[in-house]
Structures are given as C-alpha cells and as structure tokens.
file upload_38.txt (compact mmCIF, C-alpha atoms and all ligand atoms)
# COMPACT_ATOMS: atom_id res chain seq x y z
CA MET G 1 4.05 -11.50 -3.74
CA ARG G 2 5.95 -14.70 -3.04
CA GLU G 3 5.41 -15.66 0.59
CA ILE G 4 2.70 -15.39 3.25
CA LEU G 5 3.35 -15.92 6.94
CA LEU G 6 0.39 -17.52 8.71
CA ILE G 7 0.45 -17.24 12.49
CA ASN G 8 -1.99 -19.13 14.68
CA ALA G 9 -2.31 -18.09 18.32
CA SER G 10 -5.24 -20.33 19.28
CA PRO G 11 -4.34 -23.11 21.74
CA ARG G 12 -6.85 -25.33 19.89
CA PRO G 13 -5.65 -25.30 16.30
CA ASP G 14 -7.93 -28.15 15.23
CA ALA G 15 -11.12 -26.55 16.55
CA SER G 16 -10.34 -22.85 16.23
CA VAL G 17 -12.91 -20.95 14.18
CA GLY G 18 -10.42 -18.16 13.47
CA TYR G 19 -7.66 -20.49 12.33
CA GLU G 20 -10.10 -22.45 10.16
CA LEU G 21 -11.10 -19.21 8.41
CA ALA G 22 -7.42 -18.27 8.02
CA ASN G 23 -6.73 -21.64 6.37
CA GLU G 24 -9.71 -21.12 4.07
CA LEU G 25 -8.24 -17.75 3.06
CA ILE G 26 -4.91 -19.35 2.31
CA ASP G 27 -6.58 -22.06 0.20
CA VAL G 28 -8.35 -19.39 -1.84
CA VAL G 29 -5.14 -17.44 -2.39
CA LEU G 30 -3.35 -20.65 -3.42
CA ILE G 31 -5.95 -21.39 -6.11
CA ARG G 32 -4.98 -18.15 -7.81
CA ARG G 33 -1.32 -18.27 -6.87
CA PRO G 34 -0.18 -21.91 -6.53
CA ASP G 35 3.44 -20.75 -6.56
CA LEU G 36 2.95 -18.80 -3.33
CA ARG G 37 4.89 -20.14 -0.38
CA VAL G 38 3.04 -20.33 2.97
CA THR G 39 5.05 -20.38 6.18
CA ARG G 40 3.04 -21.56 9.17
CA ARG G 41 3.96 -20.52 12.67
CA ASP G 42 1.52 -22.37 14.88
CA LEU G 43 2.03 -20.89 18.33
CA GLY G 44 -0.88 -22.96 19.67
CA SER G 45 0.63 -26.33 18.74
CA VAL G 46 4.32 -25.63 19.27
CA ALA G 47 4.96 -23.19 22.09
CA LEU G 48 7.94 -20.89 21.78
CA ALA G 49 10.63 -21.09 24.44
CA PRO G 50 10.01 -18.64 27.26
CA LEU G 51 12.32 -15.65 27.43
CA SER G 52 15.54 -16.63 29.16
CA GLU G 53 17.61 -14.58 31.55
CA SER G 54 20.41 -14.47 28.97
CA TYR G 55 18.02 -13.21 26.25
CA ALA G 56 16.73 -10.42 28.51
CA ASP G 57 20.31 -9.48 29.47
CA ALA G 58 21.50 -9.56 25.85
CA LEU G 59 18.61 -7.36 24.77
CA THR G 60 19.41 -4.63 27.27
CA ARG G 61 23.18 -4.84 26.63
CA ARG G 62 22.79 -4.44 22.85
CA THR G 63 24.54 -7.75 22.12
CA PRO G 64 25.37 -8.37 18.42
CA ASP G 65 22.53 -9.91 16.37
CA THR G 66 24.79 -12.86 15.50
CA ASP G 67 25.06 -13.98 19.15
CA PRO G 68 23.55 -17.49 19.62
CA VAL G 69 21.28 -16.07 22.33
CA PHE G 70 19.23 -14.52 19.50
CA ALA G 71 18.94 -17.72 17.43
CA LEU G 72 15.17 -18.20 17.93
CA SER G 73 14.48 -14.48 17.70
CA GLU G 74 16.47 -14.27 14.45
CA SER G 75 14.63 -17.22 12.95
CA LEU G 76 11.21 -15.68 13.81
CA ILE G 77 12.29 -12.27 12.48
CA GLY G 78 13.57 -14.03 9.33
CA GLU G 79 10.08 -15.50 8.77
CA LEU G 80 8.66 -12.02 9.10
CA GLU G 81 11.21 -10.40 6.80
CA ARG G 82 10.70 -13.02 4.08
CA SER G 83 6.91 -12.65 4.09
CA ASP G 84 5.12 -10.29 1.70
CA ALA G 85 1.93 -10.48 3.76
CA LEU G 86 1.01 -11.64 7.23
CA LEU G 87 -2.15 -13.42 8.37
CA ILE G 88 -2.66 -13.73 12.11
CA ALA G 89 -5.48 -15.79 13.65
CA THR G 90 -5.82 -14.99 17.32
CA PRO G 91 -8.46 -15.49 19.98
CA MET G 92 -9.17 -12.81 22.57
CA HIS G 93 -7.97 -14.05 25.95
CA ASN G 94 -9.00 -12.04 28.98
CA PHE G 95 -9.67 -8.93 26.89
CA THR G 96 -6.33 -9.02 25.12
CA LEU G 97 -4.04 -11.31 23.13
CA PRO G 98 -3.08 -14.82 24.22
CA ALA G 99 0.21 -15.22 26.08
CA ALA G 100 1.54 -17.30 23.15
CA LEU G 101 1.21 -14.33 20.78
CA LYS G 102 2.69 -11.93 23.33
CA LEU G 103 5.71 -14.24 23.62
CA TRP G 104 6.13 -14.17 19.81
CA ILE G 105 6.05 -10.35 20.03
CA ASP G 106 8.73 -10.38 22.73
CA HIS G 107 10.94 -12.48 20.43
CA VAL G 108 10.49 -10.31 17.32
CA VAL G 109 10.29 -6.76 18.68
CA ARG G 110 13.99 -6.19 19.32
CA ILE G 111 15.81 -2.92 19.85
CA GLY G 112 18.41 -2.24 17.16
CA ARG G 113 17.03 -5.08 15.03
CA THR G 114 13.33 -4.56 14.25
CA PHE G 115 13.08 -1.06 15.72
CA ALA G 116 15.50 1.78 16.43
CA ALA G 117 15.37 3.88 19.57
CA THR G 118 15.62 7.54 18.51
CA PRO G 119 15.25 10.81 20.44
CA ASP G 120 11.76 11.02 18.93
CA GLY G 121 10.77 7.52 20.01
CA LYS G 122 10.86 4.03 18.50
CA VAL G 123 11.10 3.77 14.72
CA GLY G 124 10.31 0.54 12.89
CA LEU G 125 13.03 -1.09 10.79
CA LEU G 126 10.96 -3.62 8.83
CA ALA G 127 9.51 -2.85 5.40
CA ASP G 128 5.76 -2.36 5.62
CA ARG G 129 3.47 -5.08 4.20
CA PRO G 130 -0.20 -5.99 4.58
CA VAL G 131 -1.16 -7.66 7.84
CA TYR G 132 -4.59 -9.28 8.30
CA VAL G 133 -5.66 -10.14 11.85
CA ILE G 134 -8.64 -12.41 12.53
CA VAL G 135 -9.74 -11.93 16.14
CA SER G 136 -12.14 -14.52 17.54
CA SER G 137 -13.93 -14.01 20.84
CA GLY G 138 -16.53 -15.85 22.87
CA GLY G 139 -18.41 -12.64 23.66
CA PHE G 140 -18.90 -9.25 22.04
CA HIS G 141 -16.63 -6.22 22.38
CA ARG G 142 -18.03 -3.91 19.68
CA GLY G 143 -21.34 -2.14 19.10
CA ALA G 144 -24.54 -2.36 21.11
CA ARG G 145 -23.88 -5.93 22.27
CA ALA G 146 -20.43 -5.12 23.72
CA ARG G 147 -20.10 -6.17 27.34
CA GLN G 148 -16.32 -6.06 27.64
CA PRO G 149 -13.35 -3.89 26.65
CA ASP G 150 -10.97 -4.73 23.78
CA PHE G 151 -7.35 -4.31 24.87
CA LEU G 152 -6.17 -6.45 21.95
CA THR G 153 -6.68 -4.25 18.89
CA ALA G 154 -4.98 -1.04 20.03
CA TYR G 155 -2.05 -2.92 21.54
CA LEU G 156 -1.43 -5.17 18.54
CA ARG G 157 -1.76 -2.24 16.12
CA HIS G 158 0.73 -0.22 18.18
CA VAL G 159 3.30 -2.96 18.62
CA LEU G 160 3.20 -3.87 14.91
CA SER G 161 3.64 -0.20 13.98
CA THR G 162 6.66 -0.09 16.32
CA ILE G 163 8.49 -2.51 14.00
CA GLY G 164 7.29 -0.78 10.82
CA LEU G 165 4.03 -2.61 10.04
CA PHE G 166 1.29 -0.02 9.55
CA ASP G 167 -0.92 -1.64 6.90
CA VAL G 168 -2.90 -3.68 9.44
CA HIS G 169 -6.50 -4.84 8.91
CA PHE G 170 -8.60 -6.35 11.69
CA VAL G 171 -11.54 -8.70 11.14
CA TYR G 172 -13.64 -9.84 14.09
CA LEU G 173 -15.50 -13.06 14.80
CA GLU G 174 -17.53 -12.23 17.90
CA GLY G 175 -19.96 -14.08 20.14
CA LEU G 176 -18.61 -17.48 19.13
CA VAL G 177 -19.81 -19.18 22.32
CA THR G 178 -23.41 -18.10 21.69
CA GLY G 179 -24.13 -20.84 19.16
CA GLU G 180 -23.60 -22.28 15.70
CA GLU G 181 -25.79 -19.66 14.01
CA THR G 182 -23.55 -16.86 15.27
CA VAL G 183 -20.42 -18.75 14.23
CA LYS G 184 -21.85 -19.09 10.71
CA SER G 185 -22.99 -15.49 10.39
CA GLU G 186 -19.75 -14.06 11.83
CA CYS G 187 -17.66 -16.14 9.40
CA GLU G 188 -19.83 -15.10 6.49
CA ALA G 189 -19.55 -11.40 7.43
CA ALA G 190 -15.77 -11.79 7.74
CA ARG G 191 -15.61 -13.47 4.30
CA GLN G 192 -17.59 -10.60 2.77
CA ARG G 193 -15.34 -8.04 4.42
CA LEU G 194 -12.13 -9.80 3.37
CA SER G 195 -13.27 -10.38 -0.20
CA MET G 196 -12.91 -6.58 -0.64
CA GLU G 197 -9.16 -7.04 -0.21
CA PRO G 198 -7.27 -7.73 -3.45
CA LEU G 199 -5.35 -10.59 -1.80
CA PHE G 200 -8.56 -12.51 -0.99
CA ALA G 201 -10.63 -11.35 -3.96
CA ARG G 202 -12.24 -14.71 -4.79
CA LEU G 203 -13.18 -15.55 -1.22
CA ALA G 204 -16.88 -14.68 -1.43
CA SER G 205 -17.38 -17.15 -4.28
CA ALA G 206 -15.21 -19.91 -2.76
C1 LIG G 301 -8.06 -18.28 28.68
C2 LIG G 301 -9.24 -17.79 27.89
C3 LIG G 301 -9.65 -16.48 28.04
C4 LIG G 301 -10.72 -15.99 27.30
N1 LIG G 301 -11.06 -14.68 27.44
C5 LIG G 301 -12.06 -14.19 26.67
C6 LIG G 301 -12.39 -12.80 26.76
O1 LIG G 301 -11.80 -12.02 27.46
N2 LIG G 301 -13.40 -12.36 25.98
C7 LIG G 301 -14.11 -13.18 25.14
O2 LIG G 301 -15.02 -12.71 24.47
N3 LIG G 301 -13.80 -14.50 25.03
C8 LIG G 301 -12.79 -15.00 25.78
N4 LIG G 301 -12.44 -16.33 25.66
C9 LIG G 301 -13.17 -17.18 24.68
C10 LIG G 301 -12.43 -17.25 23.36
O3 LIG G 301 -12.01 -15.99 22.88
C11 LIG G 301 -13.34 -17.86 22.32
O4 LIG G 301 -13.71 -19.16 22.73
C12 LIG G 301 -12.73 -17.90 20.94
O5 LIG G 301 -13.71 -18.31 20.03
C13 LIG G 301 -11.59 -18.87 20.85
O6 LIG G 301 -10.99 -18.70 19.60
P1 LIG G 301 -10.63 -19.93 18.67
O7 LIG G 301 -11.93 -20.50 18.20
O8 LIG G 301 -9.84 -19.30 17.57
O9 LIG G 301 -9.83 -20.89 19.50
C14 LIG G 301 -11.40 -16.85 26.38
C15 LIG G 301 -10.97 -18.18 26.23
C16 LIG G 301 -9.90 -18.64 26.97
C17 LIG G 301 -9.46 -20.07 26.77
call {"tool": "encode", "arguments": {"input": "upload_38.txt", "output": "structure tokens"}}
result
Amino acid sequence: MREILLINASPRPDASVGYELANELIDVVLIRRPDLRVTRRDLGSVALAPLSESYADALTRRTPDTDPVFALSESLIGELERSDALLIATPMHNFTLPAALKLWIDHVVRIGRTFAATPDGKVGLLADRPVYVIVSSGGFHRGARARQPDFLTAYLRHVLSTIGLFDVHFVYLEGLVTGEETVKSECEAARQRLSMEPLFARLASA
C-alpha cells in the first residue's frame, strides 16, 4: 500500500464529526506507515465545477479520453487509480448523499473509461481496492430508533461497484444532533468497529 485517497463530502470540514474521525484514522495509519502518501479531495471546501454542456455531450458521443473536456474527470479518476485504499467521509443529506459527492461521482463514473457497457450490463474497469465510508447523520436510520430511510448506502455501494469497487465497508455515526454524549459514543463504536480492519489496526489504542 502506497497511497490513500481521502474524500470529504461535508460542507463544514472544520466542524464535521465524520471528517474529524477520518483524519484521526489517517493519523493512526501514518504512525505505522509514515511513507504512505495521502491525497485529500475536500469536496466541502473546494467545490468541483458543475457538469458542462460540452462534458455531457462528450460523454454521450464517446469522445476520446484525451479530449480537454475530460481534464477534470481525468484528474479525479487519476487520484482514484493511484490510490490503494479509499476513505470517504460523508454526511447524509436529505436521506442520501450530498450533492458535492454526487457531482464527484458524475465526474468519475464514465462510460468507456471507468466502466464498460456490455450486453449484460455495466462492468467496472478499475481494479478493486478497499473503500471505507463514514456516514454521519443528524438522526437515526438503522435499528429501533430509525425514523427515516437510508437511500445513501445502497446507492453508493451500487455506483462504486459499477466502476469495479466491491470491497466497500460502511461505518455509521448516527444521531449526531442529539447531543455530545451521542457524538462520543458513536465515534467510539466506529473506532471499535474500524480497529477490526487491518488498515486501522491500532485505532482502538490511539
Ligand atoms: C442539507 C442537509 C440535509 C440533511 N439531511 C439529513 C437527513 O436526511 N437525515 C439526517 O439524519 N440528517 C440530516 N442532516 C444532518 C446531517 O447529516 C448531520 O448534521 C451530520 O452530522 C453532518 O455531518 P458532518 O458532521 O460530517 O458535517 C442534514 C444536514 C444538512 C445540512
């Protein structure tokens, strides 16, 4: 493992509980592997350009990958291709993923580039690698306390599998608007859960 891509989708990177936990994870990994390179794609601080008419046209006309219209898309796909693992910190916004993360998806999920259209459906073209997704939400969407649907998990899992990423692990920080105690206990549960993963092995004792 040489490189980790850290993606933040919270519009409040300095206050985000999920992004803070993601940074803690990275710090722990770096203690063991100081040579590891971390690429940060902070979608909350620096918004990606919206999809242009020329990008949408080029996509449907199967324009060559080298066309300048794909410059941003190519650079985002390059970050993905270079990474050996992916860590995504995302809030739940209106039961699904934030628009900033959806825009990233629309730049990296490209026909003929990150997936192939075959008679049997879409087939991913990227090499698989571990993906960890920290989902933070103000309320609850799992178990007895759930009062809302979760349209984030199934969608994100499906779209990542479309480009070849199947080794996806979700960790949830729920009920974050209900108070500091919940924030603490949710983060601790997430740390325990993630410390089972070889990549974050020393997290529980950090
Ligand atoms: C536009 C918007 C929509 C939201 N929609 C939901 C929602 O559907 N369900 C929920 O539980 N929380 C919702 N929240 C609350 C956030 O998910 C919650 O505050 C979360 O902790 C923010 O994550 P962060 O700390 O990483 O920024 C919403 C917040 C915003 C700003």
call {"tool": "atom_distance", "arguments": {"input": "upload_38.txt", "atom1": "CA of His93 (chain G)", "atom2": "CA of Ser136 (chain G)"}}
result
9.4 Å
call {"tool": "residues_near_ligand", "arguments": {"input": "upload_38.txt", "ligand": "ligand LIG 301 (chain G)", "cutoff": "6 Å", "atoms": "all atoms listed in the file", "output": "list in words"}}
result
Ser10, Arg12, Ser16, Val17, Gly18, Tyr19, Thr90, Pro91, Met92, His93, Asn94, Phe95, Ser136, Ser137, Gly138, Gly139, Phe140 and Leu176 of chain G
call {"tool": "residues_near_point", "arguments": {"input": "upload_38.txt", "point": "(6.7, -0.2, 13.3)", "cutoff": "7 Å", "atoms": "all atoms listed in the file", "output": "list of chain:residue names"}}
result
G:Phe115, G:Val123, G:Gly124, G:Leu125, G:Val159, G:Leu160, G:Ser161, G:Thr162, G:Ile163, G:Gly164, G:Leu165, G:Phe166
call {"tool": "write_last_selection", "arguments": {"input": "upload_38.txt", "atoms": "C-alpha atoms", "output": "JSON list (two decimals), keeping the file's coordinate frame"}}
result
[["chain", "number", "residue", "atom", "x", "y", "z"],
["G", 115, "PHE", "CA", 13.08, -1.06, 15.72],
["G", 123, "VAL", "CA", 11.10, 3.77, 14.72],
["G", 124, "GLY", "CA", 10.31, 0.54, 12.89],
["G", 125, "LEU", "CA", 13.03, -1.09, 10.79],
["G", 159, "VAL", "CA", 3.30, -2.96, 18.62],
["G", 160, "LEU", "CA", 3.20, -3.87, 14.91],
["G", 161, "SER", "CA", 3.64, -0.20, 13.98],
["G", 162, "THR", "CA", 6.66, -0.09, 16.32],
["G", 163, "ILE", "CA", 8.49, -2.51, 14.00],
["G", 164, "GLY", "CA", 7.29, -0.78, 10.82],
["G", 165, "LEU", "CA", 4.03, -2.61, 10.04],
["G", 166, "PHE", "CA", 1.29, -0.02, 9.55]]
call {"tool": "atom_distance", "arguments": {"input": "upload_38.txt", "atom1": "CA of Ala127 (chain G)", "atom2": "CA of Asp167 (chain G)"}}
result
10.6 Å
call {"tool": "closest_residue", "arguments": {"input": "upload_38.txt", "among": "G:Val108, G:Val46, G:Ile7, G:Val168", "to": "Ala89 (chain G)", "atoms": "all atoms listed in the file"}}
result
G:Ile7
call {"tool": "closest_residue", "arguments": {"input": "upload_38.txt", "among": "G:Lys122, G:Arg193, G:Arg32, G:Lys102", "to": "Tyr172 (chain G)", "atoms": "all atoms listed in the file"}}
result
G:Arg193
call {"tool": "atom_distance", "arguments": {"input": "upload_38.txt", "atom1": "CA of Glu24 (chain G)", "atom2": "CA of His169 (chain G)"}}
result
17.3 Å
call {"tool": "axis_aligned_box", "arguments": {"input": "upload_38.txt", "around": "region 181-185 of chain G", "padding_each_side": "3 Å", "output": "lines of an AutoDock Vina configuration file"}}
result
center_x = -23.1
center_y = -17.6
center_z = 12.8
size_x = 11.4
size_y = 10.2
size_z = 10.9
call {"tool": "closest_residue", "arguments": {"input": "upload_38.txt", "among": "G:Thr118, G:Ser73, G:Asn8, G:Thr63", "to": "Ile88 (chain G)", "atoms": "only C-alpha atoms"}}
result
G:Asn8
call {"tool": "closest_residue", "arguments": {"input": "upload_38.txt", "among": "G:Val69, G:Val109, G:Ala85, G:Leu59", "to": "Leu6 (chain G)", "atoms": "only C-alpha atoms"}}
result
G:Ala85
call {"tool": "residues_around", "arguments": {"input": "upload_38.txt", "residues": "Phe200 (chain G)", "least_positions_apart": "3", "cutoff": "12 Å", "atoms": "only C-alpha atoms", "output": "MDAnalysis selection string"}}
result
chainID G and resid 21:33 85 87 130 132 190:197 203:206
call {"tool": "write_last_selection", "arguments": {"input": "upload_38.txt", "atoms": "C-alpha atoms", "output": "PDB file, keeping the file's coordinate frame"}}
result
ATOM      1  CA  LEU G  21     -11.100 -19.210   8.410  1.00  0.00           C
ATOM      2  CA  ALA G  22      -7.420 -18.270   8.020  1.00  0.00           C
ATOM      3  CA  ASN G  23      -6.730 -21.640   6.370  1.00  0.00           C
ATOM      4  CA  GLU G  24      -9.710 -21.120   4.070  1.00  0.00           C
ATOM      5  CA  LEU G  25      -8.240 -17.750   3.060  1.00  0.00           C
ATOM      6  CA  ILE G  26      -4.910 -19.350   2.310  1.00  0.00           C
ATOM      7  CA  ASP G  27      -6.580 -22.060   0.200  1.00  0.00           C
ATOM      8  CA  VAL G  28      -8.350 -19.390  -1.840  1.00  0.00           C
ATOM      9  CA  VAL G  29      -5.140 -17.440  -2.390  1.00  0.00           C
ATOM     10  CA  LEU G  30      -3.350 -20.650  -3.420  1.00  0.00           C
ATOM     11  CA  ILE G  31      -5.950 -21.390  -6.110  1.00  0.00           C
ATOM     12  CA  ARG G  32      -4.980 -18.150  -7.810  1.00  0.00           C
ATOM     13  CA  ARG G  33      -1.320 -18.270  -6.870  1.00  0.00           C
ATOM     14  CA  ALA G  85       1.930 -10.480   3.760  1.00  0.00           C
ATOM     15  CA  LEU G  87      -2.150 -13.420   8.370  1.00  0.00           C
ATOM     16  CA  PRO G 130      -0.200  -5.990   4.580  1.00  0.00           C
ATOM     17  CA  TYR G 132      -4.590  -9.280   8.300  1.00  0.00           C
ATOM     18  CA  ALA G 190     -15.770 -11.790   7.740  1.00  0.00           C
ATOM     19  CA  ARG G 191     -15.610 -13.470   4.300  1.00  0.00           C
ATOM     20  CA  GLN G 192     -17.590 -10.600   2.770  1.00  0.00           C
ATOM     21  CA  ARG G 193     -15.340  -8.040   4.420  1.00  0.00           C
ATOM     22  CA  LEU G 194     -12.130  -9.800   3.370  1.00  0.00           C
ATOM     23  CA  SER G 195     -13.270 -10.380  -0.200  1.00  0.00           C
ATOM     24  CA  MET G 196     -12.910  -6.580  -0.640  1.00  0.00           C
ATOM     25  CA  GLU G 197      -9.160  -7.040  -0.210  1.00  0.00           C
ATOM     26  CA  LEU G 203     -13.180 -15.550  -1.220  1.00  0.00           C
ATOM     27  CA  ALA G 204     -16.880 -14.680  -1.430  1.00  0.00           C
ATOM     28  CA  SER G 205     -17.380 -17.150  -4.280  1.00  0.00           C
ATOM     29  CA  ALA G 206     -15.210 -19.910  -2.760  1.00  0.00           C
TER      30      ALA G 206
END
call {"tool": "closest_residue", "arguments": {"input": "upload_38.txt", "among": "G:Val135, G:Ile111, G:Ala99, G:Leu51", "to": "Pro64 (chain G)", "atoms": "all atoms listed in the file"}}
result
G:Ile111
call {"tool": "closest_residue", "arguments": {"input": "upload_38.txt", "among": "G:Ala154, G:Ala100, G:His107, G:Ser45", "to": "Gly78 (chain G)", "atoms": "all atoms listed in the file"}}
result
G:His107
